[in-house]
Amino acid sequence: MSSRKPTGEALFHEYYRELFGDRWDSLRNALAGDSPRIALGDPPYYLDPASAAVARLLPLGKKNLDLCAAPGGKTLILASRLGEGATLTANERSRARRERLRRVLKEHLPGDLHPRLHVTGHDAQRWGLHEPNQYDAILADVPCSSERHVLADPLELARWNPKRIRRIATTQFAILAAAIDSARPGGYILYVTCALTDQENDLLLERALARRGQRVEALSLDPASLSGEGLSSPEATTWGLQILPDRCDGAGPLYCALLRRRN
């Protein structure tokens, strides 16, 4: 008798049910629903309120970097928060996504901000070699598993495999390490994913702190700091915050952790 291998969809639900237990049913239903949107700028750019709230957690300085900037929603938030004379470099390696980023910034930001924005196309994983010890604030909104998008795409769901998470986590670690190396002493790094898995979130932070703990420290984030953003129940994790749609009125998922360079 031949046995059939489980489908990608079956593997997906088995994996996340083991991670979230009985909560997975309500979380899965929330992920499959519509994500709320808020409007930024004029003309408006529509963004998940979780993304907007998290982008406001990064303390900015004179020289700021968005390492993986496209499509540009969080970049708009950062740009709108720049102090007098401050600059923002928005990096995106993909040419197509970089052009979309340029359009978003041009269309949704006032003209007086444009001279202080610089769009680049470098490999985020190697930025620490490109510009070490330079930035006051870095947003590392890294590529991730994006389970909400997987659930919405039957082809992606059909070919899903847990090995995908390990591959993505390797890239994420390289980008976070580059961000740490690119921050100046005293500078801040905000690590962000839209993933559900610990491998891409707290466990990755734990790994980074184990490898670079002499250079960087994790700062605590209070879930109450997001209550004014219309997010009802963000959850504290070991190293950061998680916004999950089953408890935040459809917003997210989003994970963030804030680090500061020691030396």
# chains A, B, ... in the order shown; residues from 1 in each chain; ligands from 1
>>> select_by_dssp(residues="stretch 57-180 of chain A", states="helix (DSSP H, G or I)", output="ChimeraX atom specification")
/A:73-80,95-108,111-116,124-130,147-152,154-158,163-180
>>> residues_around(residues="A:Arg98", least_positions_apart="5", cutoff="8 Å", atoms="only C-alpha atoms", output="PDB file with all heavy atoms, in the first residue's frame")
ATOM      1  N   ALA A  70      10.824  48.926   0.259  1.00  0.00           N
ATOM      2  CA  ALA A  70       9.626  48.748  -0.563  1.00  0.00           C
ATOM      3  C   ALA A  70       8.597  47.875   0.177  1.00  0.00           C
ATOM      4  O   ALA A  70       8.983  47.004   0.951  1.00  0.00           O
ATOM      5  CB  ALA A  70      10.001  48.112  -1.896  1.00  0.00           C
ATOM      6  N   PRO A  71       7.304  48.138  -0.053  1.00  0.00           N
ATOM      7  CA  PRO A  71       6.727  49.073  -1.015  1.00  0.00           C
ATOM      8  C   PRO A  71       6.714  50.538  -0.580  1.00  0.00           C
ATOM      9  O   PRO A  71       6.459  51.410  -1.383  1.00  0.00           O
ATOM     10  CB  PRO A  71       5.293  48.555  -1.180  1.00  0.00           C
ATOM     11  CG  PRO A  71       4.977  47.903   0.123  1.00  0.00           C
ATOM     12  CD  PRO A  71       6.262  47.273   0.578  1.00  0.00           C
ATOM     13  N   ASN A  91      16.448  51.951   1.122  1.00  0.00           N
ATOM     14  CA  ASN A  91      17.134  50.961   0.299  1.00  0.00           C
ATOM     15  C   ASN A  91      16.200  49.839  -0.135  1.00  0.00           C
ATOM     16  O   ASN A  91      15.399  49.350   0.659  1.00  0.00           O
ATOM     17  CB  ASN A  91      18.304  50.360   1.091  1.00  0.00           C
ATOM     18  CG  ASN A  91      19.083  49.344   0.277  1.00  0.00           C
ATOM     19  OD1 ASN A  91      19.738  49.701  -0.701  1.00  0.00           O
ATOM     20  ND2 ASN A  91      19.012  48.082   0.663  1.00  0.00           N
ATOM     21  N   GLU A  92      16.319  49.440  -1.388  1.00  0.00           N
ATOM     22  CA  GLU A  92      15.562  48.291  -1.916  1.00  0.00           C
ATOM     23  C   GLU A  92      16.360  47.670  -3.049  1.00  0.00           C
ATOM     24  O   GLU A  92      16.619  48.318  -4.066  1.00  0.00           O
ATOM     25  CB  GLU A  92      14.182  48.736  -2.416  1.00  0.00           C
ATOM     26  CG  GLU A  92      13.385  47.635  -3.073  1.00  0.00           C
ATOM     27  CD  GLU A  92      13.236  46.399  -2.202  1.00  0.00           C
ATOM     28  OE1 GLU A  92      12.813  46.549  -1.027  1.00  0.00           O
ATOM     29  OE2 GLU A  92      13.557  45.290  -2.681  1.00  0.00           O
ATOM     30  N   ARG A  93      16.755  46.414  -2.880  1.00  0.00           N
ATOM     31  CA  ARG A  93      17.627  45.764  -3.862  1.00  0.00           C
ATOM     32  C   ARG A  93      16.923  45.490  -5.187  1.00  0.00           C
ATOM     33  O   ARG A  93      17.507  45.649  -6.256  1.00  0.00           O
ATOM     34  CB  ARG A  93      18.167  44.461  -3.278  1.00  0.00           C
ATOM     35  CG  ARG A  93      19.205  43.788  -4.160  1.00  0.00           C
ATOM     36  CD  ARG A  93      19.722  42.526  -3.516  1.00  0.00           C
ATOM     37  NE  ARG A  93      20.786  41.923  -4.291  1.00  0.00           N
ATOM     38  CZ  ARG A  93      21.372  40.779  -3.988  1.00  0.00           C
ATOM     39  NH1 ARG A  93      20.993  40.111  -2.905  1.00  0.00           N
ATOM     40  NH2 ARG A  93      22.332  40.292  -4.750  1.00  0.00           N
ATOM     41  N   VAL A 119      17.233  57.180  -2.321  1.00  0.00           N
ATOM     42  CA  VAL A 119      16.831  55.798  -2.619  1.00  0.00           C
ATOM     43  C   VAL A 119      18.022  55.057  -3.207  1.00  0.00           C
ATOM     44  O   VAL A 119      18.667  55.540  -4.149  1.00  0.00           O
ATOM     45  CB  VAL A 119      15.643  55.770  -3.596  1.00  0.00           C
ATOM     46  CG1 VAL A 119      15.283  54.320  -3.961  1.00  0.00           C
ATOM     47  CG2 VAL A 119      14.431  56.479  -2.982  1.00  0.00           C
ATOM     48  N   THR A 120      18.321  53.873  -2.644  1.00  0.00           N
ATOM     49  CA  THR A 120      19.470  53.085  -3.088  1.00  0.00           C
ATOM     50  C   THR A 120      19.036  51.654  -3.398  1.00  0.00           C
ATOM     51  O   THR A 120      17.936  51.227  -3.040  1.00  0.00           O
ATOM     52  CB  THR A 120      20.561  53.051  -2.013  1.00  0.00           C
ATOM     53  OG1 THR A 120      20.038  52.465  -0.818  1.00  0.00           O
ATOM     54  CG2 THR A 120      21.069  54.455  -1.704  1.00  0.00           C
ATOM     55  N   GLY A 121      19.940  50.895  -4.020  1.00  0.00           N
ATOM     56  CA  GLY A 121      19.621  49.528  -4.436  1.00  0.00           C
ATOM     57  C   GLY A 121      20.660  48.509  -4.014  1.00  0.00           C
ATOM     58  O   GLY A 121      20.977  47.584  -4.769  1.00  0.00           O
TER      59      GLY A 121
END
>>> closest_residue(among="A:Gly250, A:Pro143, A:Pro6, A:Pro49", to="A:Leu226", atoms="only C-alpha atoms")
A:Pro49
>>> residues_around(residues="A:Ala177", least_positions_apart="6", cutoff="9 Å", atoms="only C-alpha atoms", output="list in words")
Gln125, Gly128, Ala208 and Arg212 of chain A
>>> closest_residue(among="A:His108, A:His118, A:Arg17, A:Arg100", to="A:Gly41", atoms="only C-alpha atoms")
A:His108
>>> residues_around(residues="stretch 76-85 of chain A", least_positions_apart="3", cutoff="10 Å", atoms="only C-alpha atoms", output="compact mmCIF listing (two decimals) with N, CA and C atoms, in the first residue's frame")
# COMPACT_ATOMS: atom_id res chain seq x y z
N LEU A 40 -2.57 57.53 4.82
CA LEU A 40 -1.44 58.42 5.06
C LEU A 40 -1.31 59.40 3.92
N GLY A 41 -1.09 60.67 4.23
CA GLY A 41 -0.75 61.65 3.21
C GLY A 41 -1.92 62.08 2.34
N TYR A 45 -2.17 57.16 1.04
CA TYR A 45 -1.55 55.85 0.90
C TYR A 45 -2.14 55.00 2.02
N SER A 51 1.43 48.34 10.90
CA SER A 51 2.65 48.80 10.25
C SER A 51 2.95 50.25 10.60
N ALA A 52 1.91 51.07 10.59
CA ALA A 52 2.09 52.48 10.92
C ALA A 52 2.53 52.65 12.37
N ALA A 53 1.91 51.91 13.27
CA ALA A 53 2.23 52.03 14.69
C ALA A 53 3.66 51.61 14.98
N VAL A 54 4.08 50.51 14.38
CA VAL A 54 5.43 50.00 14.63
C VAL A 54 6.48 50.96 14.08
N ALA A 55 6.24 51.55 12.91
CA ALA A 55 7.21 52.47 12.33
C ALA A 55 7.43 53.70 13.20
N ARG A 56 6.47 54.00 14.06
CA ARG A 56 6.61 55.15 14.96
C ARG A 56 7.39 54.82 16.23
N LEU A 57 7.74 53.56 16.42
CA LEU A 57 8.49 53.16 17.62
C LEU A 57 9.99 53.41 17.49
N LEU A 58 10.48 53.61 16.27
CA LEU A 58 11.92 53.78 16.06
C LEU A 58 12.33 55.22 16.38
N PRO A 59 13.19 55.42 17.38
CA PRO A 59 13.68 56.79 17.65
C PRO A 59 14.61 57.23 16.51
N LEU A 60 14.28 58.33 15.87
CA LEU A 60 15.07 58.81 14.74
C LEU A 60 16.15 59.78 15.18
N GLY A 61 17.16 59.95 14.32
CA GLY A 61 18.23 60.90 14.57
C GLY A 61 18.51 61.71 13.32
N LYS A 62 19.74 62.14 13.15
CA LYS A 62 20.11 62.95 11.99
C LYS A 62 20.26 62.10 10.72
N LYS A 63 20.79 60.89 10.89
CA LYS A 63 21.05 60.03 9.73
C LYS A 63 20.32 58.71 9.94
N ASN A 64 19.35 58.41 9.06
CA ASN A 64 18.44 57.29 9.25
C ASN A 64 18.41 56.40 8.01
N LEU A 65 18.12 55.12 8.22
CA LEU A 65 18.17 54.14 7.15
C LEU A 65 16.99 53.19 7.24
N ASP A 66 16.32 52.98 6.11
CA ASP A 66 15.29 51.95 5.95
C ASP A 66 15.90 50.90 5.03
N ALA A 69 13.06 48.82 2.10
CA ALA A 69 12.03 49.87 2.19
C ALA A 69 10.75 49.61 1.40
N PRO A 71 7.30 48.14 -0.05
CA PRO A 71 6.73 49.07 -1.01
C PRO A 71 6.71 50.54 -0.58
N GLY A 72 6.96 50.82 0.71
CA GLY A 72 7.16 52.21 1.08
C GLY A 72 6.27 52.77 2.18
N GLY A 73 5.34 51.99 2.68
CA GLY A 73 4.43 52.53 3.69
C GLY A 73 5.15 52.97 4.96
N LEU A 88 17.07 60.52 5.33
CA LEU A 88 16.61 59.14 5.33
C LEU A 88 17.05 58.47 4.04
N THR A 89 17.79 57.37 4.17
CA THR A 89 18.14 56.53 3.03
C THR A 89 17.16 55.37 2.98
N ALA A 90 16.50 55.21 1.85
CA ALA A 90 15.53 54.12 1.65
C ALA A 90 16.14 53.13 0.65
N LEU A 101 8.87 52.00 -5.07
CA LEU A 101 9.19 52.81 -3.89
C LEU A 101 9.37 54.27 -4.26
N VAL A 104 5.99 55.85 -4.84
CA VAL A 104 5.25 56.07 -3.60
C VAL A 104 5.76 57.31 -2.88
N LEU A 105 7.07 57.44 -2.78
CA LEU A 105 7.64 58.59 -2.08
C LEU A 105 7.34 59.89 -2.81
N HIS A 108 3.36 60.70 -2.44
CA HIS A 108 2.68 60.81 -1.14
C HIS A 108 3.44 61.63 -0.10
N LEU A 109 4.56 62.24 -0.49
CA LEU A 109 5.29 63.10 0.44
C LEU A 109 5.37 64.52 -0.12
N PRO A 110 5.34 65.52 0.74
CA PRO A 110 5.48 66.90 0.27
C PRO A 110 6.86 67.12 -0.34
N LEU A 113 10.39 67.54 1.46
CA LEU A 113 11.08 66.40 2.07
C LEU A 113 11.99 65.67 1.09
N HIS A 114 11.68 65.75 -0.19
CA HIS A 114 12.40 64.95 -1.19
C HIS A 114 13.91 65.15 -1.19
N ARG A 116 15.85 65.42 1.15
CA ARG A 116 16.45 64.73 2.29
C ARG A 116 16.27 63.21 2.24
N LEU A 117 15.72 62.73 1.12
CA LEU A 117 15.52 61.29 0.91
C LEU A 117 16.48 60.80 -0.16
N LEU A 139 15.71 50.96 10.33
CA LEU A 139 14.56 50.06 10.27
C LEU A 139 14.96 48.85 9.43
>>> atom_distance(atom1="atom CA of A:Arg167", atom2="atom CA of A:Gly252")
22.5 Å
>>> closest_residue(among="A:Arg247, A:Arg102, A:Arg166, A:Arg126", to="A:Leu31", atoms="only C-alpha atoms")
A:Arg247
>>> select_by_dssp(residues="stretch 20-130 of chain A", states="strand (DSSP E)", output="MDAnalysis selection string")
chainID A and resid 38:40 45:47 63:66 87:91 117:120
>>> write_last_selection(atoms="all heavy atoms", output="compact mmCIF listing (two decimals), in the first residue's frame")
# COMPACT_ATOMS: atom_id res chain seq x y z
N ILE A 38 -5.44 52.34 7.26
CA ILE A 38 -5.53 53.75 7.57
C ILE A 38 -4.89 54.52 6.42
O ILE A 38 -4.09 53.97 5.66
CB ILE A 38 -4.84 54.11 8.90
CG1 ILE A 38 -3.35 53.75 8.84
CG2 ILE A 38 -5.52 53.42 10.07
CD1 ILE A 38 -2.57 54.24 10.05
N ALA A 39 -5.26 55.79 6.26
CA ALA A 39 -4.78 56.60 5.14
C ALA A 39 -3.64 57.50 5.60
O ALA A 39 -3.73 58.16 6.65
CB ALA A 39 -5.91 57.44 4.58
N LEU A 40 -2.57 57.53 4.82
CA LEU A 40 -1.44 58.42 5.06
C LEU A 40 -1.31 59.40 3.92
O LEU A 40 -1.37 59.02 2.75
CB LEU A 40 -0.13 57.62 5.17
CG LEU A 40 -0.03 56.51 6.20
CD1 LEU A 40 1.30 55.79 6.04
CD2 LEU A 40 -0.17 57.07 7.61
N TYR A 45 -2.17 57.16 1.04
CA TYR A 45 -1.55 55.85 0.90
C TYR A 45 -2.14 55.00 2.02
O TYR A 45 -2.11 55.40 3.18
CB TYR A 45 -0.04 55.96 1.04
CG TYR A 45 0.69 54.64 0.90
CD1 TYR A 45 1.20 54.23 -0.33
CD2 TYR A 45 0.87 53.80 2.01
CE1 TYR A 45 1.88 53.03 -0.46
CE2 TYR A 45 1.55 52.59 1.88
CZ TYR A 45 2.04 52.21 0.65
OH TYR A 45 2.70 51.01 0.52
N TYR A 46 -2.66 53.82 1.68
CA TYR A 46 -3.37 53.00 2.66
C TYR A 46 -2.44 51.94 3.24
O TYR A 46 -1.76 51.22 2.50
CB TYR A 46 -4.61 52.38 2.03
CG TYR A 46 -5.63 53.43 1.66
CD1 TYR A 46 -5.68 53.95 0.36
CD2 TYR A 46 -6.49 53.96 2.61
CE1 TYR A 46 -6.59 54.94 0.02
CE2 TYR A 46 -7.40 54.96 2.28
CZ TYR A 46 -7.45 55.44 1.00
OH TYR A 46 -8.35 56.43 0.67
N LEU A 47 -2.43 51.85 4.57
CA LEU A 47 -1.46 51.02 5.28
C LEU A 47 -2.15 50.35 6.47
O LEU A 47 -3.02 50.95 7.11
CB LEU A 47 -0.31 51.90 5.77
CG LEU A 47 0.89 51.24 6.43
CD1 LEU A 47 1.65 50.39 5.42
CD2 LEU A 47 1.82 52.31 7.00
N LYS A 63 20.79 60.89 10.89
CA LYS A 63 21.05 60.03 9.73
C LYS A 63 20.32 58.71 9.94
O LYS A 63 20.63 57.95 10.87
CB LYS A 63 22.56 59.81 9.57
CG LYS A 63 22.94 59.11 8.27
CD LYS A 63 24.45 59.06 8.11
CE LYS A 63 24.83 58.42 6.77
NZ LYS A 63 26.30 58.34 6.59
N ASN A 64 19.35 58.41 9.06
CA ASN A 64 18.44 57.29 9.25
C ASN A 64 18.41 56.40 8.01
O ASN A 64 18.62 56.88 6.89
CB ASN A 64 17.04 57.83 9.55
CG ASN A 64 17.05 58.84 10.69
OD1 ASN A 64 17.14 58.49 11.85
ND2 ASN A 64 16.98 60.12 10.34
N LEU A 65 18.12 55.12 8.22
CA LEU A 65 18.17 54.14 7.15
C LEU A 65 16.99 53.19 7.24
O LEU A 65 16.68 52.65 8.31
CB LEU A 65 19.48 53.34 7.25
CG LEU A 65 19.64 52.11 6.34
CD1 LEU A 65 19.65 52.50 4.87
CD2 LEU A 65 20.92 51.35 6.72
N ASP A 66 16.32 52.98 6.11
CA ASP A 66 15.29 51.95 5.95
C ASP A 66 15.90 50.90 5.03
O ASP A 66 16.01 51.10 3.82
CB ASP A 66 14.02 52.57 5.36
CG ASP A 66 12.85 51.61 5.35
OD1 ASP A 66 13.05 50.41 5.59
OD2 ASP A 66 11.71 52.07 5.09
N THR A 87 18.18 63.19 7.53
CA THR A 87 18.07 62.52 6.24
C THR A 87 17.61 61.09 6.41
O THR A 87 17.75 60.49 7.50
CB THR A 87 19.43 62.51 5.51
OG1 THR A 87 20.37 61.76 6.29
CG2 THR A 87 19.93 63.92 5.28
N LEU A 88 17.07 60.52 5.33
CA LEU A 88 16.61 59.14 5.33
C LEU A 88 17.05 58.47 4.04
O LEU A 88 16.74 58.95 2.95
CB LEU A 88 15.08 59.07 5.45
CG LEU A 88 14.44 57.69 5.30
CD1 LEU A 88 14.91 56.75 6.41
CD2 LEU A 88 12.91 57.81 5.31
N THR A 89 17.79 57.37 4.17
CA THR A 89 18.14 56.53 3.03
C THR A 89 17.16 55.37 2.98
O THR A 89 17.00 54.64 3.97
CB THR A 89 19.58 55.99 3.16
OG1 THR A 89 20.48 57.09 3.15
CG2 THR A 89 19.92 55.05 2.01
N ALA A 90 16.50 55.21 1.85
CA ALA A 90 15.53 54.12 1.65
C ALA A 90 16.14 53.13 0.65
O ALA A 90 16.31 53.46 -0.53
CB ALA A 90 14.21 54.68 1.13
N ASN A 91 16.45 51.95 1.12
CA ASN A 91 17.13 50.96 0.30
C ASN A 91 16.20 49.84 -0.13
O ASN A 91 15.40 49.35 0.66
CB ASN A 91 18.30 50.36 1.09
CG ASN A 91 19.08 49.34 0.28
OD1 ASN A 91 19.74 49.70 -0.70
ND2 ASN A 91 19.01 48.08 0.66
N LEU A 117 15.72 62.73 1.12
CA LEU A 117 15.52 61.29 0.91
C LEU A 117 16.48 60.80 -0.16
O LEU A 117 16.69 61.46 -1.17
CB LEU A 117 14.08 61.00 0.49
CG LEU A 117 12.97 61.51 1.42
CD1 LEU A 117 11.62 61.15 0.83
CD2 LEU A 117 13.12 60.93 2.82
N HIS A 118 17.04 59.61 0.05
CA HIS A 118 17.97 59.02 -0.90
C HIS A 118 17.59 57.56 -1.10
O HIS A 118 17.58 56.79 -0.13
CB HIS A 118 19.40 59.15 -0.38
CG HIS A 118 20.44 58.64 -1.32
ND1 HIS A 118 20.43 58.93 -2.67
CD2 HIS A 118 21.53 57.86 -1.11
CE1 HIS A 118 21.47 58.35 -3.25
NE2 HIS A 118 22.15 57.69 -2.33
N VAL A 119 17.23 57.18 -2.32
CA VAL A 119 16.83 55.80 -2.62
C VAL A 119 18.02 55.06 -3.21
O VAL A 119 18.67 55.54 -4.15
CB VAL A 119 15.64 55.77 -3.60
CG1 VAL A 119 15.28 54.32 -3.96
CG2 VAL A 119 14.43 56.48 -2.98
N THR A 120 18.32 53.87 -2.64
CA THR A 120 19.47 53.08 -3.09
C THR A 120 19.04 51.65 -3.40
O THR A 120 17.94 51.23 -3.04
CB THR A 120 20.56 53.05 -2.01
OG1 THR A 120 20.04 52.46 -0.82
CG2 THR A 120 21.07 54.45 -1.70
>>> residues_around(residues="A:Ser26", least_positions_apart="3", cutoff="12 Å", atoms="only C-alpha atoms", output="PyMOL selection string")
chain A and resi 16-17+20-23+29-33+244-247+249-250
>>> residues_around(residues="A:Glu156", least_positions_apart="3", cutoff="12 Å", atoms="only C-alpha atoms", output="ChimeraX atom specification")
/A:7-9,12,145-153,159-161,164
>>> residues_around(residues="A:Thr237", least_positions_apart="3", cutoff="10 Å", atoms="only C-alpha atoms", output="number ranges by chain")
A: 198, 201-202, 220-221, 223, 234, 240-242, 255-257
>>> write_last_selection(atoms="N, CA, C and O atoms", output="PDB file, in the first residue's frame")
ATOM      1  N   ASP A 198       8.364  31.823  15.795  1.00  0.00           N
ATOM      2  CA  ASP A 198       9.444  32.223  16.692  1.00  0.00           C
ATOM      3  C   ASP A 198      10.796  32.206  15.984  1.00  0.00           C
ATOM      4  O   ASP A 198      11.684  33.005  16.315  1.00  0.00           O
ATOM      5  N   ASN A 201      11.285  35.485  14.673  1.00  0.00           N
ATOM      6  CA  ASN A 201      11.026  36.571  15.604  1.00  0.00           C
ATOM      7  C   ASN A 201      11.917  36.435  16.848  1.00  0.00           C
ATOM      8  O   ASN A 201      13.095  36.731  16.798  1.00  0.00           O
ATOM      9  N   ASP A 202      11.372  36.012  17.961  1.00  0.00           N
ATOM     10  CA  ASP A 202      12.145  35.988  19.202  1.00  0.00           C
ATOM     11  C   ASP A 202      13.393  35.113  19.132  1.00  0.00           C
ATOM     12  O   ASP A 202      14.447  35.488  19.659  1.00  0.00           O
ATOM     13  N   SER A 220      13.255  47.145  26.125  1.00  0.00           N
ATOM     14  CA  SER A 220      11.887  46.680  26.342  1.00  0.00           C
ATOM     15  C   SER A 220      10.892  47.586  25.635  1.00  0.00           C
ATOM     16  O   SER A 220      11.089  48.800  25.530  1.00  0.00           O
ATOM     17  N   LEU A 221       9.823  46.976  25.128  1.00  0.00           N
ATOM     18  CA  LEU A 221       8.729  47.695  24.474  1.00  0.00           C
ATOM     19  C   LEU A 221       7.439  47.394  25.237  1.00  0.00           C
ATOM     20  O   LEU A 221       7.117  46.228  25.471  1.00  0.00           O
ATOM     21  N   PRO A 223       3.531  47.074  25.518  1.00  0.00           N
ATOM     22  CA  PRO A 223       2.348  46.970  24.657  1.00  0.00           C
ATOM     23  C   PRO A 223       1.429  48.181  24.756  1.00  0.00           C
ATOM     24  O   PRO A 223       0.772  48.558  23.784  1.00  0.00           O
ATOM     25  N   PRO A 234      -2.004  44.348  21.653  1.00  0.00           N
ATOM     26  CA  PRO A 234      -0.677  43.849  21.277  1.00  0.00           C
ATOM     27  C   PRO A 234      -0.106  43.011  22.413  1.00  0.00           C
ATOM     28  O   PRO A 234      -0.419  43.243  23.583  1.00  0.00           O
ATOM     29  N   GLY A 240      10.281  41.391  22.284  1.00  0.00           N
ATOM     30  CA  GLY A 240       9.616  42.470  21.562  1.00  0.00           C
ATOM     31  C   GLY A 240       8.110  42.475  21.757  1.00  0.00           C
ATOM     32  O   GLY A 240       7.596  42.140  22.833  1.00  0.00           O
ATOM     33  N   LEU A 241       7.421  42.868  20.703  1.00  0.00           N
ATOM     34  CA  LEU A 241       5.958  42.934  20.692  1.00  0.00           C
ATOM     35  C   LEU A 241       5.431  42.213  19.465  1.00  0.00           C
ATOM     36  O   LEU A 241       6.065  42.208  18.406  1.00  0.00           O
ATOM     37  N   GLN A 242       4.240  41.628  19.600  1.00  0.00           N
ATOM     38  CA  GLN A 242       3.584  40.989  18.466  1.00  0.00           C
ATOM     39  C   GLN A 242       2.148  41.475  18.371  1.00  0.00           C
ATOM     40  O   GLN A 242       1.440  41.564  19.374  1.00  0.00           O
ATOM     41  N   TYR A 255       5.554  41.681  14.042  1.00  0.00           N
ATOM     42  CA  TYR A 255       6.436  41.509  15.194  1.00  0.00           C
ATOM     43  C   TYR A 255       7.505  42.597  15.125  1.00  0.00           C
ATOM     44  O   TYR A 255       7.981  42.939  14.036  1.00  0.00           O
ATOM     45  N   CYS A 256       7.891  43.122  16.273  1.00  0.00           N
ATOM     46  CA  CYS A 256       8.983  44.104  16.285  1.00  0.00           C
ATOM     47  C   CYS A 256       9.799  43.976  17.556  1.00  0.00           C
ATOM     48  O   CYS A 256       9.288  43.552  18.604  1.00  0.00           O
ATOM     49  N   ALA A 257      11.073  44.307  17.441  1.00  0.00           N
ATOM     50  CA  ALA A 257      11.973  44.352  18.593  1.00  0.00           C
ATOM     51  C   ALA A 257      12.929  45.531  18.382  1.00  0.00           C
ATOM     52  O   ALA A 257      13.375  45.788  17.279  1.00  0.00           O
TER      53      ALA A 257
END
>>> atom_distance(atom1="atom CA of A:Pro154", atom2="atom CA of A:Ala10")
12.3 Å
